[in-house]
$ cat model_14.cif   # mmCIF, C-alpha atoms and all ligand atoms
data_start
#
loop_
_atom_site.label_atom_id
_atom_site.label_comp_id
_atom_site.auth_asym_id
_atom_site.auth_seq_id
_atom_site.Cartn_x
_atom_site.Cartn_y
_atom_site.Cartn_z
CA MET A 1 4.06 0.86 -8.32
CA ARG A 2 1.22 3.31 -8.19
CA PHE A 3 1.04 6.64 -10.00
CA ASP A 4 -1.40 9.52 -9.70
CA THR A 5 -1.43 10.95 -13.22
CA HIS A 6 -3.77 13.94 -12.88
CA THR A 7 -3.20 16.68 -10.29
CA HIS A 8 -3.24 20.49 -10.15
CA THR A 9 -0.74 22.74 -8.36
CA ASP A 10 -1.49 26.15 -6.91
CA ARG A 11 1.16 28.12 -8.75
CA PHE A 12 -0.18 27.28 -12.21
CA SER A 13 -3.85 26.29 -11.71
CA ALA A 14 -5.99 29.13 -10.35
CA ASP A 15 -8.48 26.70 -8.76
CA SER A 16 -5.85 24.67 -6.86
CA LYS A 17 -4.71 24.99 -3.25
CA LEU A 18 -1.96 22.42 -3.59
CA PRO A 19 1.69 23.53 -3.60
CA VAL A 20 3.88 21.21 -5.62
CA ASP A 21 6.03 20.42 -2.55
CA VAL A 22 2.94 19.33 -0.61
CA LEU A 23 1.89 17.21 -3.60
CA LEU A 24 5.25 15.45 -3.45
CA ASP A 25 5.09 15.06 0.34
CA ARG A 26 1.65 13.47 0.09
CA ALA A 27 2.77 11.22 -2.76
CA ALA A 28 5.73 10.05 -0.67
CA ALA A 29 3.52 9.47 2.39
CA LEU A 30 1.13 7.38 0.28
CA GLY A 31 4.00 5.36 -1.17
CA LEU A 32 3.28 6.45 -4.74
CA ALA A 33 5.98 5.81 -7.32
CA GLY A 34 5.13 9.10 -8.99
CA VAL A 35 2.65 11.87 -9.67
CA ALA A 36 1.95 13.95 -12.74
CA ALA A 37 1.33 17.66 -12.35
CA THR A 38 -1.25 18.40 -15.05
CA ASP A 39 -2.13 22.05 -14.64
CA HIS A 40 -4.99 23.67 -16.53
CA TYR A 41 -4.08 25.19 -19.87
CA GLU A 42 -7.25 26.78 -21.21
CA PRO A 43 -6.86 29.12 -24.17
CA ASP A 44 -9.88 31.25 -25.09
CA TYR A 45 -11.86 30.37 -21.97
CA PRO A 46 -15.19 32.22 -22.38
CA ASP A 47 -15.13 33.87 -18.95
CA PRO A 48 -11.84 35.73 -18.53
CA ARG A 49 -12.15 35.51 -14.72
CA TYR A 50 -11.51 31.79 -14.93
CA ALA A 51 -9.05 31.74 -17.80
CA ASN A 52 -5.98 29.69 -16.98
CA LEU A 53 -2.86 30.03 -19.09
CA PHE A 54 0.79 30.15 -18.17
CA ASP A 55 4.21 30.42 -19.67
CA VAL A 56 5.10 26.88 -20.67
CA GLY A 57 8.86 27.33 -20.29
CA GLU A 58 8.42 28.70 -16.77
CA TYR A 59 6.05 25.84 -15.90
CA LEU A 60 8.37 23.10 -17.10
CA ALA A 61 11.33 24.71 -15.34
CA ALA A 62 9.38 24.92 -12.07
CA LEU A 63 8.46 21.24 -12.26
CA ARG A 64 12.04 20.21 -13.05
CA GLU A 65 13.20 22.21 -10.06
CA ALA A 66 10.57 20.70 -7.73
CA ASP A 67 11.37 17.11 -8.72
CA ARG A 68 13.17 15.28 -5.91
CA SER A 69 13.28 11.85 -7.53
CA ALA A 70 17.08 11.95 -7.75
CA ALA A 71 17.06 11.97 -3.92
CA GLY A 72 14.72 8.97 -3.78
CA GLY A 73 11.40 10.86 -3.75
CA PRO A 74 8.42 10.06 -5.98
CA ARG A 75 8.88 10.88 -9.61
CA LEU A 76 7.29 14.17 -10.76
CA LEU A 77 5.92 13.78 -14.27
CA ARG A 78 5.36 16.91 -16.32
CA GLY A 79 1.91 17.17 -17.82
CA VAL A 80 -0.87 19.51 -18.79
CA GLU A 81 -4.64 19.30 -18.84
CA PHE A 82 -5.64 21.10 -21.99
CA GLY A 83 -9.18 22.55 -22.04
CA TRP A 84 -10.42 21.53 -25.47
CA GLN A 85 -12.79 23.48 -27.65
CA ASP A 86 -13.38 22.62 -31.31
CA HIS A 87 -11.41 25.59 -32.63
CA LEU A 88 -8.31 25.04 -30.44
CA GLY A 89 -6.45 22.41 -32.49
CA PRO A 90 -3.65 24.84 -33.44
CA GLU A 91 -3.13 25.89 -29.79
CA LEU A 92 -2.86 22.26 -28.73
CA ASP A 93 -0.44 21.52 -31.58
CA ALA A 94 1.71 24.47 -30.50
CA LEU A 95 1.71 23.32 -26.87
CA ALA A 96 2.72 19.79 -27.86
CA ALA A 97 5.45 21.13 -30.15
CA THR A 98 7.23 22.88 -27.26
CA GLY A 99 8.30 19.42 -26.02
CA GLY A 100 9.44 18.58 -22.51
CA PHE A 101 6.17 16.95 -21.42
CA ASP A 102 5.55 13.45 -20.16
CA VAL A 103 1.83 13.56 -20.77
CA LEU A 104 -0.79 15.75 -22.39
CA ILE A 105 -4.37 15.24 -21.23
CA SER A 106 -7.09 16.88 -23.28
CA SER A 107 -10.45 17.44 -21.60
CA VAL A 108 -13.85 18.68 -22.65
CA HIS A 109 -15.13 21.00 -19.90
CA MET A 110 -17.69 22.85 -22.01
CA LEU A 111 -20.45 22.44 -24.47
CA GLU A 112 -20.95 25.40 -26.77
CA ARG A 113 -18.76 27.46 -24.44
CA VAL A 114 -20.84 26.65 -21.36
CA ASP A 115 -19.21 24.83 -18.42
CA PRO A 116 -21.66 22.78 -16.30
CA TYR A 117 -19.61 23.66 -13.21
CA PHE A 118 -20.94 27.22 -13.49
CA THR A 119 -24.18 26.88 -15.46
CA ARG A 120 -26.65 24.16 -14.53
CA THR A 121 -29.18 25.03 -17.27
CA ILE A 122 -26.87 23.04 -19.51
CA TYR A 123 -28.76 19.97 -18.22
CA ASP A 124 -32.17 21.14 -19.46
CA PRO A 125 -32.20 18.94 -22.61
CA GLY A 126 -32.08 15.83 -20.39
CA ARG A 127 -29.69 13.08 -19.47
CA LYS A 128 -29.19 11.21 -22.75
CA ALA A 129 -29.02 14.37 -24.83
CA VAL A 130 -26.46 16.05 -22.56
CA TYR A 131 -24.26 13.01 -21.91
CA GLY A 132 -24.40 12.11 -25.61
CA ALA A 133 -23.45 15.64 -26.67
CA PHE A 134 -20.43 15.72 -24.34
CA LEU A 135 -19.22 12.35 -25.58
CA ALA A 136 -19.75 13.41 -29.21
CA SER A 137 -17.61 16.46 -28.51
CA MET A 138 -14.83 14.17 -27.21
CA ALA A 139 -15.06 12.09 -30.39
CA ARG A 140 -14.62 15.27 -32.46
CA MET A 141 -11.60 16.17 -30.33
CA LEU A 142 -10.03 12.74 -30.93
CA ARG A 143 -10.61 13.06 -34.67
CA ALA A 144 -9.36 16.65 -34.82
CA SER A 145 -6.07 16.33 -32.94
CA ARG A 146 -3.31 13.82 -32.43
CA SER A 147 -1.40 16.21 -30.17
CA PHE A 148 -2.47 14.64 -26.89
CA ASP A 149 -2.14 11.29 -25.12
CA VAL A 150 -5.06 10.93 -22.71
CA LEU A 151 -8.77 11.65 -22.98
CA GLY A 152 -9.51 13.33 -19.64
CA HIS A 153 -12.48 12.42 -17.42
CA TYR A 154 -15.07 11.24 -19.98
CA ASP A 155 -17.70 11.62 -17.25
CA TYR A 156 -16.96 15.22 -16.20
CA VAL A 157 -20.46 16.42 -17.13
CA SER A 158 -22.02 13.85 -14.78
CA ARG A 159 -20.41 15.46 -11.72
CA TYR A 160 -22.88 18.33 -11.55
CA ALA A 161 -25.93 16.59 -13.02
CA PRO A 162 -29.26 17.38 -11.32
CA TRP A 163 -30.83 13.93 -11.60
CA PRO A 164 -30.88 11.36 -8.78
CA SER A 165 -28.55 8.87 -10.49
CA LYS A 166 -25.69 10.90 -11.92
CA ARG A 167 -23.30 8.15 -12.94
CA MET A 168 -22.80 8.10 -16.68
CA ALA A 169 -23.78 4.66 -17.98
CA TYR A 170 -22.76 2.97 -21.20
CA ALA A 171 -26.48 2.66 -21.98
CA ASP A 172 -26.82 6.48 -21.86
CA ALA A 173 -24.93 6.87 -25.15
CA PRO A 174 -23.65 3.55 -26.57
CA ASP A 175 -22.92 4.84 -30.09
CA GLU A 176 -20.93 7.80 -28.82
CA PHE A 177 -18.95 5.59 -26.40
CA ASP A 178 -18.15 3.11 -29.17
CA GLU A 179 -16.92 5.91 -31.43
CA ILE A 180 -14.61 7.24 -28.71
CA PHE A 181 -13.25 3.78 -27.96
CA ARG A 182 -12.50 3.07 -31.64
CA LEU A 183 -10.72 6.40 -31.99
CA LEU A 184 -8.65 5.80 -28.83
CA VAL A 185 -7.68 2.28 -29.84
CA GLU A 186 -6.69 3.13 -33.41
CA SER A 187 -4.47 5.98 -32.22
CA GLY A 188 -2.90 4.23 -29.19
CA ARG A 189 -4.19 6.74 -26.68
CA ALA A 190 -5.56 6.25 -23.19
CA LEU A 191 -8.97 6.62 -21.62
CA GLU A 192 -8.71 8.30 -18.23
CA LEU A 193 -10.60 7.22 -15.17
CA ASN A 194 -10.72 10.26 -12.96
CA THR A 195 -11.35 9.27 -9.35
CA ARG A 196 -12.65 12.75 -8.50
CA THR A 197 -15.91 11.87 -10.25
CA GLY A 198 -16.14 8.79 -8.03
CA TYR A 199 -15.16 10.28 -4.68
CA ARG A 200 -17.59 13.15 -5.15
CA LEU A 201 -20.36 10.54 -5.41
CA LEU A 202 -18.88 8.60 -2.50
CA ASP A 203 -19.00 11.75 -0.37
CA GLU A 204 -22.66 12.18 -1.32
CA GLY A 205 -23.34 8.68 0.03
CA VAL A 206 -24.02 7.07 -3.37
CA SER A 207 -23.45 3.31 -3.33
CA ASP A 208 -22.58 2.82 -7.04
CA TRP A 209 -19.89 5.48 -7.08
CA LEU A 210 -17.33 3.63 -9.21
CA PRO A 211 -17.67 3.94 -13.02
CA ASP A 212 -20.23 1.85 -14.88
CA PRO A 213 -18.42 -1.46 -15.52
CA ALA A 214 -20.22 -1.73 -18.88
CA VAL A 215 -18.22 1.27 -20.10
CA LEU A 216 -14.90 -0.43 -19.37
CA ARG A 217 -16.05 -3.84 -20.59
CA ARG A 218 -17.03 -2.38 -23.95
CA TYR A 219 -13.74 -0.48 -24.19
CA ARG A 220 -11.89 -3.75 -23.68
CA GLU A 221 -14.12 -5.56 -26.15
CA LEU A 222 -13.15 -3.00 -28.81
CA GLY A 223 -9.44 -3.53 -28.08
CA GLY A 224 -8.91 -0.87 -25.41
CA GLU A 225 -5.99 -1.57 -23.10
CA LEU A 226 -4.73 1.83 -22.02
CA VAL A 227 -6.46 3.29 -18.98
CA ALA A 228 -4.90 6.25 -17.16
CA LEU A 229 -5.82 6.87 -13.54
CA GLY A 230 -5.70 10.13 -11.65
CA SER A 231 -7.20 11.83 -8.60
CA ASP A 232 -7.57 15.31 -10.13
CA ALA A 233 -6.42 16.58 -6.73
CA HIS A 234 -6.64 20.33 -6.20
CA GLN A 235 -5.76 20.06 -2.49
CA ALA A 236 -3.54 17.91 -0.27
CA GLU A 237 -6.34 15.69 1.09
CA THR A 238 -7.35 14.30 -2.31
CA VAL A 239 -3.92 13.37 -3.69
CA GLY A 240 -4.12 9.68 -4.57
CA ARG A 241 -7.68 9.44 -3.30
CA CYS A 242 -9.51 6.23 -4.33
CA LEU A 243 -6.68 5.04 -6.58
CA PRO A 244 -6.63 1.62 -4.83
CA GLU A 245 -10.40 1.16 -5.28
CA TYR A 246 -10.24 2.08 -8.96
CA ALA A 247 -7.21 -0.14 -9.53
CA ALA A 248 -9.04 -3.10 -7.96
CA PHE A 249 -12.08 -2.30 -10.11
CA LEU A 250 -9.95 -2.33 -13.29
CA GLU A 251 -8.09 -5.45 -12.28
CA GLY A 252 -11.44 -7.18 -11.71
CA LEU A 253 -12.42 -6.29 -15.28
CA GLY A 254 -9.27 -7.93 -16.65
CA PHE A 255 -7.10 -4.90 -17.41
CA PRO A 256 -3.38 -5.66 -17.08
CA GLY A 257 -2.38 -2.44 -15.32
CA ILE A 258 -2.51 1.33 -15.51
CA ALA A 259 -1.22 3.38 -18.45
CA VAL A 260 1.43 5.90 -17.41
CA PHE A 261 3.08 8.17 -19.97
CA PHE A 262 6.78 8.94 -19.75
CA GLY A 263 8.10 11.36 -22.36
CA ARG A 264 4.71 10.93 -24.10
CA LYS A 265 5.15 7.16 -24.49
CA ALA A 266 2.67 4.87 -22.77
CA GLN A 267 3.83 2.17 -20.43
CA VAL A 268 1.41 -0.22 -18.73
CA VAL A 269 2.39 -0.39 -15.08
CA PRO A 270 1.07 -3.61 -13.48
CA PHE A 271 -1.30 -3.34 -10.51
ZN ZN A 301 -10.78 18.70 -15.94
ZN ZN A 302 -8.13 18.34 -13.79
#

$ encode --input "model_14.cif" --output "structure tokens"
Amino acid sequence: MRFDTHTHTDRFSADSKLPVDVLLDRAAALGLAGVAATDHYEPDYPDPRYANLFDVGEYLAALREADRSAAGGPRLLRGVEFGWQDHLGPELDALAATGGFDVLISSVHMLERVDPYFTRTIYDPGRKAVYGAFLASMARMLRASRSFDVLGHYDYVSRYAPWPSKRMAYADAPDEFDEIFRLLVESGRALELNTRTGYRLLDEGVSDWLPDPAVLRRYRELGGELVALGSDAHQAETVGRCLPEYAAFLEGLGFPGIAVFFGRKAQVVPF
């Protein structure tokens, strides 16, 4: 029973090359029980060329139409990846209030309106300062809004880091990690492990490409049980990529399964 709970489709995410039908074909070929389409919803993105917004009613209708689970295909969960900024609480509340979603992921892609994907000078203050600042921003997001279920890719900023060892370690920002974990646990929300961070490192030939186990150990120590797992696929080849490796990693750390949200309620699906 494996689910890929973070993917992007080409009709609703400008940076995706993955048609929803291909997503479902790949999911079926991989034997997945289901996939969540979690297209980018990014109000007030600083650069209008990369803004990504869509009509929510049209989106949900398209996903309902694409779903072939009644005919025995993998289940298509309806989700969104919301691009958080500190002033966007009302937009996220409004999105959540429309209903019809299985899962809402909220992600921090920017610090002070700068996305590291486009602007590498963001790393100038150094590793601990930058990783700490991103994590602190996620803690603010968790405090500011209850309108989402999953904290997306905590390690996004590490993907484009200029230093030799990119992987975000617990030791880089222990206080900020602890704060995030406490906020997740007290509100019953899930930490996401996003395999795209890992397989990017894998493709660069890095040997320690899986997340820092100290991060997950500490999460568990503070009562964390809910871990969501997604490939962040934007193309057919990466659907479901490295889910088995991450699942084995989590199982080895004593987690009981993977958190999957159905109708915005978490269910732990055993490995
Ligand atoms: Zn993202
Ligand atoms: Zn994503």

$ atom_distance --input "model_14.cif" --atom1 "atom CA of Gly83 of chain A" --atom2 "atom CA of Leu53 of chain A"
10.2 Å

$ residues_around --input "model_14.cif" --residues "Trp163 of chain A" --least-positions-apart "4" --cutoff "10 Å" --atoms "all atoms listed in the file" --output "PyMOL selection string"
chain A and resi 123+126-127+158+167

$ write_last_selection --input "model_14.cif" --atoms "C-alpha atoms" --output "compact mmCIF listing (two decimals), in the coordinates of the input"
# COMPACT_ATOMS: atom_id res chain seq x y z
CA TYR A 123 -28.76 19.97 -18.22
CA GLY A 126 -32.08 15.83 -20.39
CA ARG A 127 -29.69 13.08 -19.47
CA SER A 158 -22.02 13.85 -14.78
CA ARG A 167 -23.30 8.15 -12.94

$ residues_around --input "model_14.cif" --residues "Pro116 of chain A" --least-positions-apart "3" --cutoff "12 Å" --atoms "only C-alpha atoms" --output "list in words"
Val108, His109, Met110, Leu111, Glu112, Arg113, Thr119, Arg120, Thr121, Ile122, Tyr123, Asp124, Val130, Tyr131, Phe134, Asp155, Tyr156, Val157, Ser158, Arg159, Tyr160, Ala161 and Pro162 of chain A

$ axis_aligned_box --input "model_14.cif" --around "segment 92-108 of chain A" --padding-each-side "4 Å" --output "JSON"
{"center_x": -2.2, "center_y": 19.0, "center_z": -25.9, "size_x": 31.3, "size_y": 19.0, "size_z": 19.4}

$ closest_residue --input "model_14.cif" --among "A:Phe54, A:Phe261, A:Tyr41, A:Phe181" --to "ligand ZN 302 (chain A)" --atoms "all atoms listed in the file"
A:Tyr41

$ closest_residue --input "model_14.cif" --among "A:His153, A:Lys166, A:Lys17, A:Arg68" --to "Gln235 of chain A" --atoms "only C-alpha atoms"
A:Lys17

$ closest_residue --input "model_14.cif" --among "A:Val215, A:Leu253, A:Leu151, A:Ala190" --to "ligand ZN 301 (chain A)" --atoms "all atoms listed in the file"
A:Leu151

$ residues_around --input "model_14.cif" --residues "Asp21 of chain A" --least-positions-apart "4" --cutoff "9 Å" --atoms "all atoms listed in the file" --output "list in words"
Asp25, Arg26, Ala66 and Asp67 of chain A

$ residues_around --input "model_14.cif" --residues "segment 221-231 of chain A" --least-positions-apart "3" --cutoff "7 Å" --atoms "only C-alpha atoms" --output "VMD selection string"
chain A and resid 4 to 7 181 to 182 185 189 to 196 217 to 218 238 to 241 255 258 to 260

$ closest_residue --input "model_14.cif" --among "A:Ala266, A:Ala247, A:Ala136, A:Ala236" --to "Asp10 of chain A" --atoms "only C-alpha atoms"
A:Ala236

$ residues_near_point --input "model_14.cif" --point "(3.5, 29.9, -7.2)" --cutoff "12 Å" --atoms "only C-alpha atoms" --output "list of chain:residue names"
A:His8, A:Thr9, A:Asp10, A:Arg11, A:Phe12, A:Ser13, A:Ala14, A:Ser16, A:Lys17, A:Leu18, A:Pro19, A:Val20, A:Asp21, A:Phe54, A:Glu58, A:Tyr59, A:Ala62, A:Leu63, A:Ala66

$ closest_residue --input "model_14.cif" --among "A:Lys265, A:Leu24, A:Glu204, A:Ala248" --to "Val103 of chain A" --atoms "all atoms listed in the file"
A:Lys265

$ closest_residue --input "model_14.cif" --among "A:Ala28, A:Ala70, A:Ala33, A:Val150" --to "ligand ZN 301 (chain A)" --atoms "all atoms listed in the file"
A:Val150

$ residues_near_point --input "model_14.cif" --point "(0.2, 1.2, -10.7)" --cutoff "7 Å" --atoms "only C-alpha atoms" --output "list of chain:residue names"
A:Met1, A:Arg2, A:Phe3, A:Gly257, A:Ile258, A:Val269, A:Pro270, A:Phe271

$ atom_distance --input "model_14.cif" --atom1 "atom CA of Asp172 of chain A" --atom2 "atom CA of Gly132 of chain A"
7.2 Å

$ residues_around --input "model_14.cif" --residues "Leu88 of chain A" --least-positions-apart "5" --cutoff "10 Å" --atoms "all atoms listed in the file" --output "MDAnalysis selection string"
chainID A and resid 42:44 82:83 93 141 144:145

$ atom_distance --input "model_14.cif" --atom1 "atom CA of Ser69 of chain A" --atom2 "atom CA of Gly34 of chain A"
8.7 Å
